[in-house]
>>> print(open('input_6.txt').read())   # compact mmCIF, C-alpha atoms and all ligand atoms
# COMPACT_ATOMS: atom_id res chain seq x y z
CA MET A 1 -22.00 18.88 22.10
CA ASN A 2 -21.40 16.29 24.79
CA ALA A 3 -17.83 15.85 25.91
CA PRO A 4 -16.43 12.49 24.87
CA GLN A 5 -16.73 9.99 27.68
CA ALA A 6 -13.49 9.07 29.34
CA LYS A 7 -12.66 5.40 28.97
CA PRO A 8 -12.32 3.47 32.23
CA ALA A 9 -8.74 3.39 33.47
CA ASN A 10 -8.59 -0.39 32.97
CA ALA A 11 -10.09 -0.30 29.44
CA ALA A 12 -7.02 -1.79 27.77
CA LYS A 13 -6.13 -4.22 30.56
CA PRO A 14 -7.01 -7.85 30.15
CA ILE A 15 -9.91 -9.16 32.17
CA LEU A 16 -9.17 -12.69 31.00
CA GLU A 17 -5.99 -14.11 29.57
CA GLY A 18 -4.98 -17.48 28.19
CA ILE A 19 -1.25 -18.21 28.26
CA ALA A 20 0.20 -20.98 26.07
CA LEU A 21 -3.09 -22.88 26.25
CA ARG A 22 -3.11 -26.34 24.83
CA LYS A 23 -5.95 -28.84 24.70
CA HIS A 24 -5.18 -32.25 23.25
CA PHE A 25 -7.94 -34.86 23.39
CA ALA A 26 -6.83 -38.49 23.65
CA VAL A 27 -8.41 -40.80 21.05
CA GLU A 28 -9.74 -44.05 22.48
CA THR A 29 -8.77 -47.24 20.69
CA GLY A 30 -9.52 -50.92 21.25
CA LEU A 31 -7.41 -53.02 23.58
CA PHE A 32 -5.16 -54.50 20.86
CA GLN A 33 -5.25 -51.60 18.45
CA PRO A 34 -2.31 -49.23 18.06
CA LYS A 35 -2.56 -45.93 19.89
CA LYS A 36 -3.77 -43.00 17.84
CA PRO A 37 -2.28 -39.52 18.09
CA PRO A 38 -4.33 -37.07 20.19
CA VAL A 39 -6.61 -34.48 18.59
CA GLN A 40 -4.80 -31.15 18.91
CA ALA A 41 -7.89 -28.99 19.36
CA VAL A 42 -5.98 -25.98 20.72
CA ASN A 43 -2.26 -25.72 20.35
CA ASP A 44 -0.16 -23.21 22.27
CA VAL A 45 -2.55 -20.27 22.09
CA SER A 46 -2.03 -17.06 24.05
CA LEU A 47 -4.79 -14.49 23.97
CA ALA A 48 -5.90 -11.59 26.17
CA VAL A 49 -9.51 -10.37 26.36
CA ARG A 50 -9.63 -6.71 27.39
CA HIS A 51 -12.07 -5.10 29.79
CA GLY A 52 -15.24 -3.96 28.04
CA GLU A 53 -14.36 -5.14 24.55
CA THR A 54 -16.08 -7.56 22.22
CA LEU A 55 -13.52 -10.04 20.98
CA ALA A 56 -14.56 -12.48 18.27
CA LEU A 57 -13.00 -15.91 17.72
CA VAL A 58 -13.58 -16.88 14.11
CA GLY A 59 -12.77 -19.99 12.07
CA GLU A 60 -14.23 -23.01 10.30
CA SER A 61 -15.66 -25.99 12.19
CA GLY A 62 -12.75 -27.83 13.78
CA SER A 63 -10.58 -24.72 14.10
CA GLY A 64 -10.66 -24.97 17.91
CA LYS A 65 -12.50 -21.72 18.59
CA SER A 66 -15.23 -23.21 20.83
CA THR A 67 -12.66 -25.28 22.72
CA LEU A 68 -10.54 -22.18 23.27
CA GLY A 69 -13.60 -20.28 24.56
CA ARG A 70 -14.35 -23.09 27.03
CA LEU A 71 -10.73 -23.26 28.16
CA LEU A 72 -10.77 -19.53 28.86
CA LEU A 73 -13.95 -19.90 30.92
CA ASN A 74 -12.47 -22.84 32.82
CA LEU A 75 -15.27 -25.10 31.59
CA LEU A 76 -12.65 -27.50 30.24
CA PRO A 77 -9.35 -28.38 31.89
CA ALA A 78 -6.35 -27.43 29.72
CA THR A 79 -3.72 -30.02 28.81
CA SER A 80 -1.20 -27.29 29.62
CA GLY A 81 -1.09 -23.52 29.98
CA ASP A 82 -2.70 -21.01 32.30
CA VAL A 83 -5.87 -18.94 32.47
CA ILE A 84 -5.58 -15.63 34.29
CA TYR A 85 -8.76 -13.81 35.35
CA GLU A 86 -8.32 -10.34 36.79
CA GLY A 87 -4.70 -11.14 37.63
CA ARG A 88 -5.53 -14.46 39.35
CA ASN A 89 -4.42 -17.80 37.95
CA LEU A 90 -7.56 -19.95 37.92
CA GLY A 91 -5.46 -23.08 38.32
CA ASN A 92 -4.41 -21.90 41.80
CA LEU A 93 -7.81 -20.80 43.13
CA ALA A 94 -9.54 -22.52 46.03
CA PRO A 95 -12.88 -24.17 45.06
CA ASP A 96 -15.05 -21.46 46.72
CA LYS A 97 -13.17 -18.66 44.89
CA LEU A 98 -13.41 -20.62 41.64
CA ARG A 99 -17.20 -20.90 42.08
CA GLN A 100 -17.40 -17.11 42.44
CA VAL A 101 -15.31 -16.67 39.29
CA ARG A 102 -17.53 -19.11 37.39
CA ARG A 103 -20.55 -16.94 38.20
CA GLU A 104 -18.78 -13.94 36.73
CA LEU A 105 -17.92 -15.82 33.52
CA GLN A 106 -21.12 -16.95 31.81
CA ILE A 107 -21.88 -18.70 28.52
CA ILE A 108 -24.68 -18.49 25.97
CA PHE A 109 -24.98 -21.62 23.85
CA GLN A 110 -25.56 -22.02 20.14
CA ASP A 111 -28.71 -24.09 20.41
CA PRO A 112 -31.06 -22.36 22.83
CA PHE A 113 -33.47 -25.31 22.79
CA ALA A 114 -30.88 -27.90 23.80
CA SER A 115 -29.45 -25.66 26.52
CA LEU A 116 -32.77 -25.04 28.33
CA ASN A 117 -34.37 -27.73 30.47
CA PRO A 118 -37.72 -28.46 28.73
CA ARG A 119 -39.37 -29.54 32.00
CA MET A 120 -38.63 -26.31 33.83
CA SER A 121 -40.67 -23.12 33.54
CA VAL A 122 -38.87 -20.05 32.23
CA GLU A 123 -39.13 -18.51 35.69
CA ALA A 124 -37.36 -21.54 37.21
CA ILE A 125 -34.70 -21.55 34.47
CA VAL A 126 -33.86 -17.86 34.78
CA GLY A 127 -34.27 -17.83 38.58
CA GLU A 128 -32.10 -20.90 39.24
CA PRO A 129 -28.74 -19.01 39.47
CA ILE A 130 -30.37 -16.47 41.83
CA TRP A 131 -31.71 -19.30 43.97
CA LEU A 132 -28.32 -21.07 44.00
CA HIS A 133 -26.10 -18.08 44.65
CA SER A 134 -28.07 -15.67 46.81
CA SER A 135 -30.31 -15.63 49.84
CA ALA A 136 -33.08 -13.74 48.01
CA SER A 137 -36.62 -14.55 49.12
CA ARG A 138 -39.10 -16.14 46.71
CA SER A 139 -40.80 -12.81 45.92
CA GLU A 140 -37.45 -11.04 45.47
CA ARG A 141 -36.44 -13.79 43.07
CA GLN A 142 -39.67 -13.44 41.13
CA ASP A 143 -39.18 -9.68 40.87
CA ARG A 144 -35.63 -10.15 39.64
CA VAL A 145 -36.71 -12.72 37.02
CA ALA A 146 -39.47 -10.39 35.82
CA GLN A 147 -36.94 -7.58 35.50
CA LEU A 148 -34.49 -9.84 33.60
CA LEU A 149 -37.22 -10.98 31.21
CA ARG A 150 -38.12 -7.35 30.51
CA THR A 151 -34.43 -6.55 29.96
CA VAL A 152 -34.16 -9.16 27.20
CA GLY A 153 -37.40 -8.05 25.55
CA LEU A 154 -39.80 -10.64 26.99
CA ALA A 155 -42.81 -10.07 29.24
CA PRO A 156 -42.87 -11.13 32.91
CA GLU A 157 -45.89 -13.36 32.10
CA HIS A 158 -43.61 -15.45 29.89
CA GLY A 159 -42.06 -16.78 33.09
CA ARG A 160 -44.98 -19.19 33.53
CA ARG A 161 -44.41 -20.87 30.18
CA HIS A 162 -41.97 -23.60 29.09
CA PRO A 163 -39.15 -23.40 26.49
CA HIS A 164 -41.06 -25.30 23.75
CA GLU A 165 -43.67 -22.50 23.70
CA PHE A 166 -41.14 -20.01 22.34
CA SER A 167 -39.49 -19.32 18.99
CA GLY A 168 -35.72 -19.81 18.53
CA GLY A 169 -34.99 -16.10 19.00
CA GLN A 170 -37.11 -15.95 22.16
CA ARG A 171 -35.38 -19.04 23.55
CA GLN A 172 -32.02 -17.40 22.97
CA ARG A 173 -33.33 -14.38 24.91
CA ILE A 174 -34.23 -16.73 27.79
CA GLY A 175 -30.67 -18.11 27.68
CA ILE A 176 -29.31 -14.57 27.83
CA ALA A 177 -31.60 -13.69 30.77
CA ARG A 178 -30.34 -16.78 32.61
CA ALA A 179 -26.72 -15.78 31.98
CA LEU A 180 -27.45 -12.26 33.28
CA ALA A 181 -29.01 -13.65 36.45
CA SER A 182 -25.52 -14.43 37.79
CA ASP A 183 -24.39 -10.80 37.42
CA PRO A 184 -21.62 -11.77 35.02
CA ARG A 185 -18.70 -9.60 34.01
CA LEU A 186 -17.88 -11.54 30.85
CA ILE A 187 -20.18 -13.54 28.60
CA LEU A 188 -18.99 -16.10 26.06
CA GLY A 189 -21.44 -16.37 23.17
CA ASP A 190 -20.73 -19.75 21.55
CA GLU A 191 -22.17 -19.18 18.06
CA PRO A 192 -25.05 -17.37 19.77
CA VAL A 193 -27.01 -16.62 16.59
CA SER A 194 -25.97 -19.28 14.09
CA ALA A 195 -29.00 -21.49 14.86
CA LEU A 196 -31.41 -18.57 14.28
CA ASP A 197 -33.12 -17.19 11.17
CA VAL A 198 -31.19 -14.36 9.55
CA SER A 199 -33.99 -11.93 10.38
CA VAL A 200 -33.77 -12.82 14.08
CA GLN A 201 -29.95 -12.85 14.19
CA ALA A 202 -29.75 -9.04 13.97
CA GLN A 203 -32.21 -8.64 16.87
CA VAL A 204 -30.17 -10.90 19.14
CA VAL A 205 -26.90 -9.21 18.10
CA ASN A 206 -28.45 -5.81 18.89
CA LEU A 207 -29.68 -7.11 22.24
CA LEU A 208 -26.18 -8.34 23.16
CA GLU A 209 -24.70 -4.96 22.22
CA ASP A 210 -27.30 -3.10 24.32
CA LEU A 211 -26.68 -5.35 27.30
CA LYS A 212 -22.94 -4.91 26.94
CA GLN A 213 -23.38 -1.14 27.29
CA GLN A 214 -26.00 -1.36 30.01
CA TYR A 215 -24.12 -3.82 32.25
CA GLY A 216 -20.53 -2.91 31.30
CA LEU A 217 -19.97 -6.46 30.04
CA THR A 218 -17.05 -7.92 28.15
CA LEU A 219 -18.10 -10.21 25.29
CA LEU A 220 -16.22 -13.11 23.76
CA ILE A 221 -18.06 -14.23 20.64
CA VAL A 222 -17.34 -17.50 18.84
CA ALA A 223 -18.48 -17.53 15.20
CA HIS A 224 -17.71 -19.55 12.09
CA GLY A 225 -18.07 -16.65 9.69
CA LEU A 226 -16.97 -13.04 9.64
CA ALA A 227 -20.32 -11.59 8.51
CA VAL A 228 -22.03 -11.86 11.92
CA ILE A 229 -19.23 -10.36 13.97
CA ARG A 230 -18.37 -7.43 11.69
CA HIS A 231 -20.68 -4.95 13.36
CA MET A 232 -20.39 -6.13 16.93
CA SER A 233 -16.68 -6.77 17.52
CA ASP A 234 -13.79 -4.56 18.51
CA ARG A 235 -11.13 -7.14 17.69
CA VAL A 236 -11.08 -10.43 15.85
CA ALA A 237 -8.88 -13.50 16.37
CA VAL A 238 -8.90 -15.81 13.34
CA MET A 239 -8.24 -19.48 14.17
CA TYR A 240 -7.08 -22.29 11.92
CA LEU A 241 -6.46 -25.87 13.01
CA GLY A 242 -6.09 -25.06 16.70
CA GLU A 243 -3.97 -21.92 16.36
CA ILE A 244 -4.57 -18.18 16.01
CA VAL A 245 -3.28 -17.05 12.62
CA GLU A 246 -4.32 -13.40 12.76
CA LEU A 247 -5.44 -10.95 15.46
CA ALA A 248 -6.52 -7.43 14.56
CA PRO A 249 -9.01 -4.63 15.23
CA VAL A 250 -12.15 -5.44 13.26
CA ASN A 251 -11.96 -2.53 10.80
CA ALA A 252 -8.29 -3.12 10.01
CA LEU A 253 -9.01 -6.81 9.46
CA PHE A 254 -11.86 -6.13 7.05
CA GLU A 255 -9.96 -3.41 5.16
CA THR A 256 -6.64 -5.24 4.82
CA PRO A 257 -6.63 -8.88 5.89
CA PHE A 258 -3.00 -10.01 6.04
CA HIS A 259 -3.28 -13.77 6.38
CA PRO A 260 -4.32 -15.80 3.31
CA TYR A 261 -6.80 -17.75 5.47
CA THR A 262 -8.44 -14.52 6.67
CA GLN A 263 -8.60 -13.38 3.05
CA ALA A 264 -10.33 -16.61 2.11
CA LEU A 265 -12.86 -16.22 4.94
CA MET A 266 -13.43 -12.66 3.80
CA ALA A 267 -14.27 -13.85 0.30
CA ALA A 268 -17.25 -15.66 1.80
CA VAL A 269 -18.68 -12.52 3.47
CA PRO A 270 -21.79 -11.33 1.60
CA VAL A 271 -21.48 -7.84 0.07
CA SER A 272 -24.32 -5.51 -0.90
CA HIS A 273 -23.10 -5.19 -4.52
CA PRO A 274 -21.02 -7.66 -6.58
CA ASP A 275 -18.68 -4.82 -7.68
CA GLN A 276 -17.59 -4.37 -4.06
CA ARG A 277 -16.14 -7.84 -3.84
CA GLN A 278 -12.35 -7.97 -3.91
CA PRO A 279 -10.92 -10.77 -6.04
CA ARG A 280 -9.71 -13.05 -3.26
CA PRO A 281 -9.02 -16.77 -3.18
CA LEU A 282 -11.67 -19.16 -2.00
CA LEU A 283 -10.56 -22.02 0.20
CA ALA A 284 -9.68 -25.22 -1.61
CA GLY A 285 -9.81 -28.67 -0.04
CA ASP A 286 -10.66 -29.73 3.49
CA MET A 287 -9.01 -28.83 6.73
CA PRO A 288 -6.39 -31.50 7.58
CA SER A 289 -6.96 -33.75 10.58
CA PRO A 290 -6.17 -32.02 13.89
CA SER A 291 -4.61 -35.34 14.95
CA ARG A 292 -1.99 -35.05 12.24
CA PRO A 293 -1.55 -31.36 11.49
CA PRO A 294 0.83 -30.55 8.62
CA ALA A 295 4.43 -29.63 9.46
CA GLY A 296 5.56 -26.03 9.04
CA CYS A 297 2.66 -23.65 8.50
CA ARG A 298 -0.52 -25.60 9.28
CA PHE A 299 -2.30 -23.79 6.45
CA HIS A 300 0.21 -24.72 3.73
CA THR A 301 -1.86 -27.60 2.29
CA ARG A 302 -4.61 -25.12 1.30
CA CYS A 303 -2.72 -21.88 0.88
CA PRO A 304 -2.46 -20.48 -2.67
CA HIS A 305 0.78 -18.70 -1.69
CA ALA A 306 2.56 -21.67 -0.07
CA LYS A 307 6.26 -22.04 -0.83
CA ALA A 308 8.98 -24.43 0.26
CA LEU A 309 9.69 -22.43 3.40
CA CYS A 310 6.08 -22.79 4.53
CA ARG A 311 6.20 -26.57 4.43
CA GLU A 312 9.28 -26.70 6.63
CA HIS A 313 9.16 -23.77 9.04
CA LYS A 314 6.29 -22.75 11.24
CA PRO A 315 5.68 -19.00 10.95
CA LEU A 316 5.91 -16.97 14.16
CA PHE A 317 2.77 -15.28 15.42
CA GLU A 318 4.35 -11.85 15.41
CA SER A 319 3.36 -8.22 15.83
CA VAL A 320 3.39 -6.64 12.39
CA ALA A 321 1.62 -3.32 13.02
CA PRO A 322 0.06 -1.59 16.02
CA GLU A 323 -2.54 -3.94 17.49
CA ARG A 324 -1.95 -6.51 14.74
CA GLN A 325 -0.40 -9.95 14.85
CA VAL A 326 -0.17 -12.48 12.07
CA ALA A 327 1.42 -15.91 11.52
CA CYS A 328 2.58 -16.00 7.90
CA HIS A 329 6.06 -15.91 6.36
CA PHE A 330 4.82 -13.88 3.39
CA TRP A 331 2.08 -11.69 4.80
CA ARG A 332 3.93 -8.58 3.63
CA GLU A 333 4.12 -9.62 -0.03
CA ILE A 334 0.56 -10.96 0.04
CA ALA A 335 -0.82 -7.76 1.60
CA ASN A 336 1.15 -5.56 -0.80
CA ALA A 337 -0.18 -7.51 -3.76
CA GLY A 338 -3.74 -7.10 -2.45
CA SER A 339 -3.66 -3.32 -1.91
CA GLY A 340 -1.34 -0.71 -3.36
CA ALA A 341 -2.41 1.74 -0.65
CA LEU A 342 -1.31 -0.43 2.24
CA ILE A 343 1.46 0.98 4.43
CA ILE A 344 3.78 -1.84 5.38
CA PRO A 345 6.10 -1.34 8.35
CA THR A 346 9.87 -1.95 8.16
CA PRO A 347 10.71 -5.66 8.16
CA SER A 348 11.70 -7.10 11.54
CA ALA A 349 15.02 -8.92 12.02
CA ALA A 350 13.16 -12.24 12.42
CA TYR A 351 11.36 -11.65 9.14
CA ARG A 352 14.58 -10.80 7.27
CA GLN A 353 16.18 -13.95 8.66
CA ARG A 354 13.33 -16.09 7.39
CA LEU A 355 13.36 -14.37 4.01
CA ASP A 356 17.09 -15.12 3.67
CA LEU A 357 16.39 -18.71 4.54
CA PHE A 358 13.66 -18.85 1.93
CA LYS A 359 15.89 -17.31 -0.74
CA ARG A 360 18.55 -19.91 0.01
CA HIS A 361 15.90 -22.61 -0.49
CA GLN A 362 14.87 -21.04 -3.78
CA ALA A 363 18.49 -21.01 -4.97
CA LEU A 364 18.70 -24.79 -4.52
CA PRO A 365 17.95 -27.00 -7.50
CA LEU A 366 14.29 -27.94 -7.48
CA GLU A 367 14.86 -31.62 -6.69
CA SER A 368 16.74 -30.79 -3.46
CA GLN A 369 14.09 -28.35 -2.20
CA PRO A 370 12.00 -29.66 0.68
FE1 LIG B 1 0.49 -19.48 3.22
FE2 LIG B 1 3.09 -19.80 3.72
FE3 LIG B 1 1.75 -17.81 4.83
FE4 LIG B 1 1.33 -20.29 5.61
S1 LIG B 1 3.23 -19.14 5.84
S2 LIG B 1 -0.20 -18.77 5.20
S3 LIG B 1 1.52 -21.40 3.70
S4 LIG B 1 2.15 -18.09 2.63
>>> encode(input="input_6.txt", output="C-alpha cells", more="lines below")
Ligand code: SF4
Amino acid sequence: MNAPQAKPANAAKPILEGIALRKHFAVETGLFQPKKPPVQAVNDVSLAVRHGETLALVGESGSGKSTLGRLLLNLLPATSGDVIYEGRNLGNLAPDKLRQVRRELQIIFQDPFASLNPRMSVEAIVGEPIWLHSSASRSERQDRVAQLLRTVGLAPEHGRRHPHEFSGGQRQRIGIARALASDPRLILGDEPVSALDVSVQAQVVNLLEDLKQQYGLTLLIVAHGLAVIRHMSDRVAVMYLGEIVELAPVNALFETPFHPYTQALMAAVPVSHPDQRQPRPLLAGDMPSPSRPPAGCRFHTRCPHAKALCREHKPLFESVAPERQVACHFWREIANAGSGALIIPTPSAAYRQRLDLFKRHQALPLESQP
C-alpha cells in the first residue's frame, strides 16, 4: 500500500485573505431627487482561502458572493477592508507587483460565450496572456497553446476556430485554458457551470478537479446552489444579504447544517430517493433589499425560528465547533432539534449572555417586546 502523501507544510495557511471587506455601491439619483442609501453588496466579511483547497461561496442571487469573489481577486476596489495575498496587502503593492499578482489570480466566468472575444481565434484568445506576459517566440506560444488545449480536453486544431463554432461546455474549456495560460495559483470560478447543461456540468467540474491536482491550484468557486459544489469543495461559506452566515467543511455542512438559511438551501438539493430528504423548511418570501437590510439578524424576515432577540441584536459570527463558524443566536437549539445524534459543544460566555438577554425579553409582557 502506498504511504499517505504528506500535506505541504503550508496546506492550512491562507493563500488569500479578506479582512473586514465591505463593498457598498452608491445609487445614482436625479439632480433634485433625495439621495438613496447605498447597496450593501458585501458587509464586513472576513474570510481566508487556504493553500490548495476548494472553497465554495454559496448563496442566492444578490447574496454578494460574486462581489466578494471579485473583491478578493482585486478586480473591484473595496469600500473598506484589506485583501492579503501570500502575506502581502494588495492595497500597498506597487503597480508592477500588482500586475504579477493579478496573473496569479485568475477568473473563469459564468457565461463562456460572453467572456470570449468572438472575433479572435481560439489560439489568439488562449495565447494572449502568454503574448502579454512573456517573451516567448511565436512558435513557442503556439506550442504552449496546443498543450493547454490538450490539457482541457480539446485538440490543437481547435485553435484555428472561433468561439461560436463550439458548444457551451467546449467554450468553458477554452476559458479555462486561457486562465491556465497565466500560470495561476488560484482560480475563481464565478458560477463556472451554471450556464451549462446538467450533463456537461459534471465534465467541467471533473476537469477543474483534475487541473487542481495537476497544477497544485487553489479554487474559489461561486455557486448559487449547494448541489454543484458538494463533490468538489473542501469548505463552504454560505452568504446571505452580503454577509457570511455559516462556514464549515463540506461534509459537516451537509450532515448537520447549523444555520436556518443553510438548512433551507439544503432542502433544495436534489436527493436520489425522496425518503432521504430531511424535513427542512423551504425559504419563504424574497430577500430584502441590500440597500435597506433588516436590523438585527439580516435573515429574521424569512427565518422560521426568528424571535424577538433576532430582530434587535445581530448575531456574532462565532466559532461553534472545530472548523465551524455560524451567525445565529439559536443555532444550538435548531441543530439539536434537527438531529438527536448531534454533539453540541459547551455554550460560550457570549452565547450565555445573549440567551439571558433573550429570556429577559421573553419575560416582558408581549406588548413591550421589540
Ligand atoms: Fe433565525 Fe434568529 Fe438565527 Fe437569525 S438569529 S437565523 S433570525 S434564529
>>> residues_around(input="input_6.txt", residues="A:Arg161", least_positions_apart="5", cutoff="9 Å", atoms="all atoms listed in the file", output="PDB file with C-alpha atoms, keeping the file's coordinate frame")
ATOM      1  CA  MET A 120     -38.630 -26.310  33.830  1.00  0.00           C
ATOM      2  CA  SER A 121     -40.670 -23.120  33.540  1.00  0.00           C
ATOM      3  CA  VAL A 122     -38.870 -20.050  32.230  1.00  0.00           C
ATOM      4  CA  GLU A 123     -39.130 -18.510  35.690  1.00  0.00           C
ATOM      5  CA  PHE A 166     -41.140 -20.010  22.340  1.00  0.00           C
TER       6      PHE A 166
END
>>> closest_atom_pairs(input="input_6.txt", of="chain A", to="ligand LIG 1 (chain B)", cutoff="8 Å", atoms="only C-alpha atoms and all ligand atoms", output="CSV")
residue,atom,partner,partner_atom,distance
A:His259,CA,B:LIG1,S2,6.0
A:Pro260,CA,B:LIG1,S2,5.4
A:Tyr261,CA,B:LIG1,S2,6.7
A:Gly296,CA,B:LIG1,FE4,7.9
A:Cys297,CA,B:LIG1,FE4,4.6
A:Arg298,CA,B:LIG1,FE4,6.7
A:Phe299,CA,B:LIG1,FE4,5.1
A:His300,CA,B:LIG1,S3,3.6
A:Thr301,CA,B:LIG1,S3,7.2
A:Arg302,CA,B:LIG1,S3,7.6
A:Cys303,CA,B:LIG1,FE1,4.6
A:Pro304,CA,B:LIG1,FE1,6.7
A:His305,CA,B:LIG1,S4,4.6
A:Ala306,CA,B:LIG1,S3,3.9
A:Lys307,CA,B:LIG1,FE2,6.0
A:Leu309,CA,B:LIG1,FE2,7.1
A:Cys310,CA,B:LIG1,FE2,4.3
A:Arg311,CA,B:LIG1,S3,7.0
A:Lys314,CA,B:LIG1,S1,7.2
A:Pro315,CA,B:LIG1,S1,5.7
A:Ala327,CA,B:LIG1,S1,6.8
A:Cys328,CA,B:LIG1,FE3,3.7
A:His329,CA,B:LIG1,S1,4.3
A:Phe330,CA,B:LIG1,S4,5.0
A:Trp331,CA,B:LIG1,FE3,6.1
A:Ile334,CA,B:LIG1,S4,7.8
>>> closest_residue(input="input_6.txt", among="A:Leu220, A:Leu105, A:Val228, A:Leu93", to="A:Leu196", atoms="all atoms listed in the file")
A:Val228
>>> atom_distance(input="input_6.txt", atom1="atom CA of A:Val83", atom2="atom CA of A:Ile15")
10.6 Å
>>> residues_around(input="input_6.txt", residues="A:Ile229", least_positions_apart="4", cutoff="9 Å", atoms="all atoms listed in the file", output="number ranges by chain")
A: 56, 58, 205, 221-223, 225, 233, 236, 250
>>> write_last_selection(input="input_6.txt", atoms="C-alpha atoms", output="compact mmCIF listing (two decimals), keeping the file's coordinate frame")
# COMPACT_ATOMS: atom_id res chain seq x y z
CA ALA A 56 -14.56 -12.48 18.27
CA VAL A 58 -13.58 -16.88 14.11
CA VAL A 205 -26.90 -9.21 18.10
CA ILE A 221 -18.06 -14.23 20.64
CA VAL A 222 -17.34 -17.50 18.84
CA ALA A 223 -18.48 -17.53 15.20
CA GLY A 225 -18.07 -16.65 9.69
CA SER A 233 -16.68 -6.77 17.52
CA VAL A 236 -11.08 -10.43 15.85
CA VAL A 250 -12.15 -5.44 13.26
>>> residues_around(input="input_6.txt", residues="A:Phe113", least_positions_apart="6", cutoff="10 Å", atoms="all atoms listed in the file", output="JSON, numbers by chain")
{"A": [163, 164, 166, 167, 168, 171, 172, 174, 175, 195]}
>>> atom_distance(input="input_6.txt", atom1="atom CA of A:Pro14", atom2="atom CA of A:Leu68")
16.3 Å
>>> atom_distance(input="input_6.txt", atom1="atom CA of A:His162", atom2="atom CA of A:Arg119")
7.1 Å
